[in-house]
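Undergrad: What follows is final-v3.csv; its format and atoms are CSV, C-alpha atoms.
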chain,number,residue,atom,x,y,z
Z,5,MET,CA,0.0,0.0,0.0
Z,6,HIS,CA,1.3,3.5,-0.9
Z,7,LEU,CA,3.0,5.4,1.9
Z,8,SER,CA,2.8,2.6,4.4
Z,9,GLU,CA,5.1,0.2,6.1
Z,10,LYS,CA,4.4,-3.3,7.5
Z,11,THR,CA,6.2,-4.2,10.8
Z,12,LEU,CA,7.9,-7.6,10.4
Z,13,SER,CA,9.4,-7.8,13.8
Z,14,ARG,CA,10.1,-5.8,17.0
Z,15,ASN,CA,13.0,-6.2,19.3
Z,16,ILE,CA,12.7,-4.3,22.6
Z,17,ILE,CA,16.1,-2.9,23.5
Z,18,TYR,CA,15.2,-1.1,26.7
Z,19,GLU,CA,12.2,-0.7,28.9
Z,20,GLY,CA,12.2,2.2,31.4
Z,21,LYS,CA,9.8,4.1,33.6
Z,22,VAL,CA,9.1,6.8,31.0
Z,23,PHE,CA,9.6,5.1,27.6
Z,24,THR,CA,10.7,1.9,25.8
Z,25,ILE,CA,13.2,1.7,23.0
Z,26,ALA,CA,12.5,-0.7,20.1
Z,27,LEU,CA,14.2,-1.8,16.9
Z,28,ASP,CA,11.6,-2.7,14.3
Z,29,SER,CA,12.2,-4.4,11.0
Z,30,VAL,CA,9.7,-3.1,8.4
Z,31,GLU,CA,8.7,-3.9,4.9
Z,32,LEU,CA,8.5,-0.9,2.6
Z,33,GLU,CA,6.0,-0.4,-0.2
Z,34,ASP,CA,8.5,-1.6,-2.8
Z,35,GLY,CA,9.0,-4.9,-0.9
Z,36,SER,CA,12.4,-3.9,0.5
Z,37,THR,CA,13.1,-4.0,4.2
Z,38,ALA,CA,14.5,-1.4,6.6
Z,39,ASN,CA,15.1,-0.9,10.3
Z,40,ARG,CA,13.3,1.7,12.5
Z,41,GLU,CA,14.7,2.8,15.8
Z,42,LEU,CA,11.8,3.9,17.9
Z,43,VAL,CA,11.1,5.6,21.3
Z,44,LEU,CA,7.7,4.2,22.4
Z,45,HIS,CA,6.0,6.6,24.8
Z,46,PRO,CA,2.5,6.5,26.3
Z,47,GLY,CA,1.9,10.1,25.5
Z,48,GLY,CA,1.3,13.2,27.7
Z,49,ALA,CA,-0.8,16.2,28.3
Z,50,GLY,CA,-0.2,19.8,29.0
Z,51,ILE,CA,-2.4,22.7,30.1
Z,52,LEU,CA,-2.1,26.5,29.7
Z,53,PRO,CA,-3.9,28.3,32.6
Z,54,VAL,CA,-5.0,31.8,31.9
Z,55,ASP,CA,-6.5,33.8,34.8
Z,56,SER,CA,-9.2,36.5,34.6
Z,57,ASP,CA,-6.6,39.2,34.4
Z,58,GLY,CA,-5.0,37.6,31.2
Z,59,ASN,CA,-2.0,36.2,32.9
Z,60,VAL,CA,-0.6,32.7,32.2
Z,61,MET,CA,1.1,30.5,34.7
Z,62,LEU,CA,4.1,28.6,33.5
Z,63,VAL,CA,6.6,26.4,35.2
Z,64,ARG,CA,10.4,26.6,35.1
Z,65,GLN,CA,12.4,23.4,35.6
Z,66,PHE,CA,15.6,21.7,34.7
Z,67,ARG,CA,15.2,19.5,31.6
Z,68,ALA,CA,17.9,16.9,31.3
Z,69,GLY,CA,17.4,16.4,27.5
Z,70,ALA,CA,17.9,20.1,26.9
Z,71,GLY,CA,20.6,20.4,29.5
Z,72,CYS,CA,19.1,23.6,30.9
Z,73,VAL,CA,16.2,25.2,32.7
Z,74,LEU,CA,13.1,25.6,30.4
Z,75,THR,CA,9.9,27.6,30.9
Z,76,GLU,CA,6.9,25.5,29.9
Z,77,ILE,CA,3.2,24.8,30.4
Z,78,CYS,CA,2.6,22.3,33.1
Z,79,ALA,CA,2.5,18.8,31.7
Z,80,GLY,CA,2.9,15.2,32.5
Z,81,LYS,CA,3.0,11.6,31.2
Z,82,LEU,CA,-0.3,9.8,30.7
Z,83,GLU,CA,-0.8,7.0,33.2
Z,84,LYS,CA,-2.0,3.6,31.9
Z,85,GLY,CA,-5.6,4.0,30.8
Z,86,GLU,CA,-5.7,7.7,31.7
Z,87,ASP,CA,-7.7,10.2,29.7
Z,88,PRO,CA,-5.5,13.1,28.4
Z,89,GLU,CA,-7.8,15.8,29.8
Z,90,SER,CA,-7.7,14.1,33.2
Z,91,CYS,CA,-3.9,14.0,33.0
Z,92,ALA,CA,-3.8,17.7,32.2
Z,93,VAL,CA,-6.2,18.6,35.0
Z,94,ARG,CA,-4.1,16.5,37.4
Z,95,GLU,CA,-0.9,18.3,36.4
Z,96,LEU,CA,-2.6,21.7,36.8
Z,97,SER,CA,-3.4,20.8,40.4
Z,98,GLU,CA,-0.1,19.1,41.2
Z,99,GLU,CA,2.3,21.6,39.7
Z,100,LEU,CA,0.4,24.9,40.0
Z,101,GLY,CA,-2.2,24.3,42.7
Z,102,LEU,CA,-5.1,25.3,40.3
Z,103,GLU,CA,-8.4,24.0,39.3
Z,104,ALA,CA,-10.2,25.1,36.2
Z,105,GLY,CA,-13.9,25.9,35.8
Z,106,ARG,CA,-13.5,25.5,32.0
Z,107,VAL,CA,-11.0,23.2,30.1
Z,108,ILE,CA,-10.8,23.6,26.3
Z,109,SER,CA,-9.0,21.2,24.1
Z,110,LEU,CA,-6.4,22.8,21.8
Z,111,GLY,CA,-5.6,19.5,20.0
Z,112,PHE,CA,-2.4,17.5,20.1
Z,113,MET,CA,1.1,17.5,18.7
Z,114,GLU,CA,3.6,14.9,17.6
Z,115,ALA,CA,6.9,16.6,18.2
Z,116,THR,CA,9.3,14.0,16.7
Z,117,PRO,CA,7.2,11.4,14.8
Z,118,ALA,CA,10.1,10.1,12.8
Z,119,TYR,CA,11.3,8.0,15.8
Z,120,ASP,CA,9.1,8.9,18.8
Z,121,SER,CA,5.5,7.8,19.3
Z,122,GLU,CA,4.7,10.4,22.0
Z,123,ARG,CA,1.5,12.4,21.3
Z,124,THR,CA,1.0,15.4,23.6
Z,125,TYR,CA,-2.5,16.7,24.1
Z,126,ILE,CA,-2.8,20.4,24.9
Z,127,TYR,CA,-5.5,22.2,26.8
Z,128,LEU,CA,-6.5,25.7,27.9
Z,129,ALA,CA,-7.6,26.2,31.5
Z,130,LEU,CA,-10.0,29.1,32.3
Z,131,GLU,CA,-12.0,30.2,35.4
Z,132,LEU,CA,-9.2,29.3,37.7
Z,133,LYS,CA,-9.4,28.6,41.4
Z,134,GLN,CA,-6.5,28.2,43.8
Z,135,VAL,CA,-6.2,24.8,45.5
Z,136,GLN,CA,-3.4,23.0,47.4
Z,137,ARG,CA,-0.3,22.4,45.3
Z,138,HIS,CA,1.2,18.9,45.5
Z,139,PRO,CA,4.2,18.3,43.1
Z,140,ASP,CA,5.5,14.8,42.5
Z,141,GLU,CA,8.4,13.6,44.6
Z,142,GLY,CA,11.6,14.8,43.2
Z,143,GLU,CA,9.9,17.5,41.1
Z,144,PHE,CA,11.5,20.9,41.6
Z,145,ILE,CA,9.7,23.8,39.8
Z,146,ASP,CA,9.3,27.5,40.0
Z,147,ILE,CA,6.0,29.1,39.0
Z,148,VAL,CA,6.1,32.0,36.5
Z,149,LYS,CA,3.1,34.3,36.1
Z,150,ILE,CA,3.2,36.6,33.2
Z,151,PRO,CA,0.7,38.4,30.9
Z,152,TYR,CA,-0.5,36.3,28.0
Z,153,GLU,CA,0.7,38.9,25.4
Z,154,LYS,CA,4.2,38.9,26.9
Z,155,ALA,CA,4.3,35.1,26.8
Z,156,LEU,CA,3.2,35.2,23.2
Z,157,ASN,CA,6.0,37.7,22.4
Z,158,LEU,CA,8.5,35.3,24.1
Z,159,VAL,CA,7.4,32.6,21.6
Z,160,HIS,CA,8.0,34.9,18.7
Z,161,ASP,CA,11.4,36.2,19.9
Z,162,GLY,CA,12.7,32.7,20.6
Z,163,THR,CA,12.9,32.9,24.4
Z,164,LEU,CA,10.3,30.2,25.0
Z,165,THR,CA,11.7,27.2,23.1
Z,166,ASP,CA,9.6,24.3,24.4
Z,167,GLY,CA,7.4,23.1,21.5
Z,168,LYS,CA,4.2,22.2,23.5
Z,169,THR,CA,4.4,25.6,25.2
Z,170,GLN,CA,4.8,27.4,21.9
Z,171,LEU,CA,1.9,25.5,20.4
Z,172,ALA,CA,-0.4,26.1,23.4
Z,173,LEU,CA,0.3,29.8,23.4
Z,174,LEU,CA,-0.2,30.2,19.7
Z,175,LYS,CA,-3.4,28.0,19.6
Z,176,ALA,CA,-4.9,29.7,22.7
Z,177,GLU,CA,-4.8,33.0,20.9
Z,178,ARG,CA,-7.9,32.2,18.8
Z,179,VAL,CA,-9.9,31.2,21.8
Z,180,LEU,CA,-8.8,34.1,23.9
Z,181,ARG,CA,-9.6,36.6,21.2
Z,182,GLY,CA,-13.0,35.1,20.7
Z,183,LYS,CA,-12.4,33.7,17.3
Z,184,ALA,CA,-12.9,30.0,18.1
Would you write the structure of this file as structure tokens?
TA:
Amino acid sequence: MHLSEKTLSRNIIYEGKVFTIALDSVELEDGSTANRELVLHPGGAGILPVDSDGNVMLVRQFRAGAGCVLTEICAGKLEKGEDPESCAVRELSEELGLEAGRVISLGFMEATPAYDSERTYIYLALELKQVQRHPDEGEFIDIVKIPYEKALNLVHDGTLTDGKTQLALLKAERVLRGKA
């Protein structure tokens, strides 16, 4: 079939807490074979909270893959069988100590689909209420509260480099401006 591949075999190289690494042998549409190195990930969800004054709450934390501190929307890995919106709402409470009266789906993204199966679902949180914050053990984060417009400018000037955060801020614009 055109633009498809058939998996012939899968060899699990590594199974970790966050992801699994596999080496697949695949048959291409012309009948030839190739190998695919894959990161298998259960997916995640992130949420952009915007308060009644037009401020967003982001988190700053060290990210080992980037080797530096990044400013991001709060997000987390989907637990087995967990609904993406439930995951996003859980992360909002854990990391920021917030509950949302309204949660709006902004879709999902596949950041590196050539070798990584992770799909990140993105939400907008409105009508916020403060609750008790309870970050995961070993999770060290700072909370950053900034006006939405300033955060959007930080996407455009290259300061905010995290993909899910950029996408959340850009996609939220239509909803926040009443065009969605």
Undergrad: For range 171-182 of chain Z, list every protein, DNA or RNA residue within 12 Å, evaluated using all atoms listed in the file, and leave out those in the same chain fewer than 2 positions away; present the list as an MDAnalysis selection string.
TA: chainID Z and resid 49:62 76:79 107:115 124:130 151:160 164:169 184
Undergrad: Please, what distance in Å, to one decimal, runs between CA of Lys133 in chain Z and CA of Gly47 in chain Z?
TA: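 Those two atoms sit 26.9 Å apart.
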Undergrad: Interatomic distance between CA of Leu12 in chain Z and CA of Val30 in chain Z?
TA: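 According to the coordinates, CA of Leu12 in chain Z and CA of Val30 in chain Z are separated by 5.2 Å.
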Undergrad: Could you tell me how far CA of Val73 in chain Z lies from CA of Asp161 in chain Z, in Å and to one decimal?
TA: 17.5 Å
Undergrad: Go through Z:Asp28, Z:Glu41, Z:Asp34, Z:Glu86 and flag the residue nearest Ser8 in chain Z, using only C-alpha atoms for the distances.
TA: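 Closest candidate: Z:Asp34.
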Undergrad: Counting only C-alpha atoms, which residue out of Z:Glu19, Z:Glu143, Z:Glu33, Z:Glu9 sits closest to Glu98 in chain Z?
TA: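 Distance minimum relative to Glu98 in chain Z lands on Z:Glu143.
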Undergrad: Find the residues near Pro117 in chain Z: any atom within 10 Å, counting all atoms listed in the file, skip ones fewer than 6 places away on the same chain, and give them as a PyMOL selection string.
TA: chain Z and resi 42-43+123
Undergrad: Taking C-alpha atoms for each residue, export the selection above as an mmCIF file, in the frame of the given file.
TA:
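In the end it all went to out13.cif:
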data_model
loop_
_atom_site.group_PDB
_atom_site.id
_atom_site.type_symbol
_atom_site.label_atom_id
_atom_site.label_comp_id
_atom_site.auth_asym_id
_atom_site.auth_seq_id
_atom_site.Cartn_x
_atom_site.Cartn_y
_atom_site.Cartn_z
ATOM 1 C CA LEU Z 42 11.800 3.900 17.900
ATOM 2 C CA VAL Z 43 11.100 5.600 21.300
ATOM 3 C CA ARG Z 123 1.500 12.400 21.300
#
Undergrad: Using all atoms listed in the file, pick whichever of Z:Lys149, Z:Arg106, Z:Lys84, Z:Arg94 has the shortest atom-to-atom distance to Arg137 in chain Z.
TA: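 For Arg137 in chain Z, the nearest of the given residues is Z:Arg94.
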Undergrad: Please determine, counting only C-alpha atoms, which residue among Z:Ala118, Z:Leu102, Z:Val93, Z:Ile150 has the shortest atom-to-atom distance to Thr75 in chain Z.
TA: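 Ranked by minimum distance to Thr75 in chain Z, first place goes to Z:Ile150.
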Undergrad: May I ask which of the residues Z:Ser29, Z:Phe144, Z:Glu99, Z:Ser36 is the closest one to Phe66 in chain Z, counting only C-alpha atoms?
TA: Z:Phe144
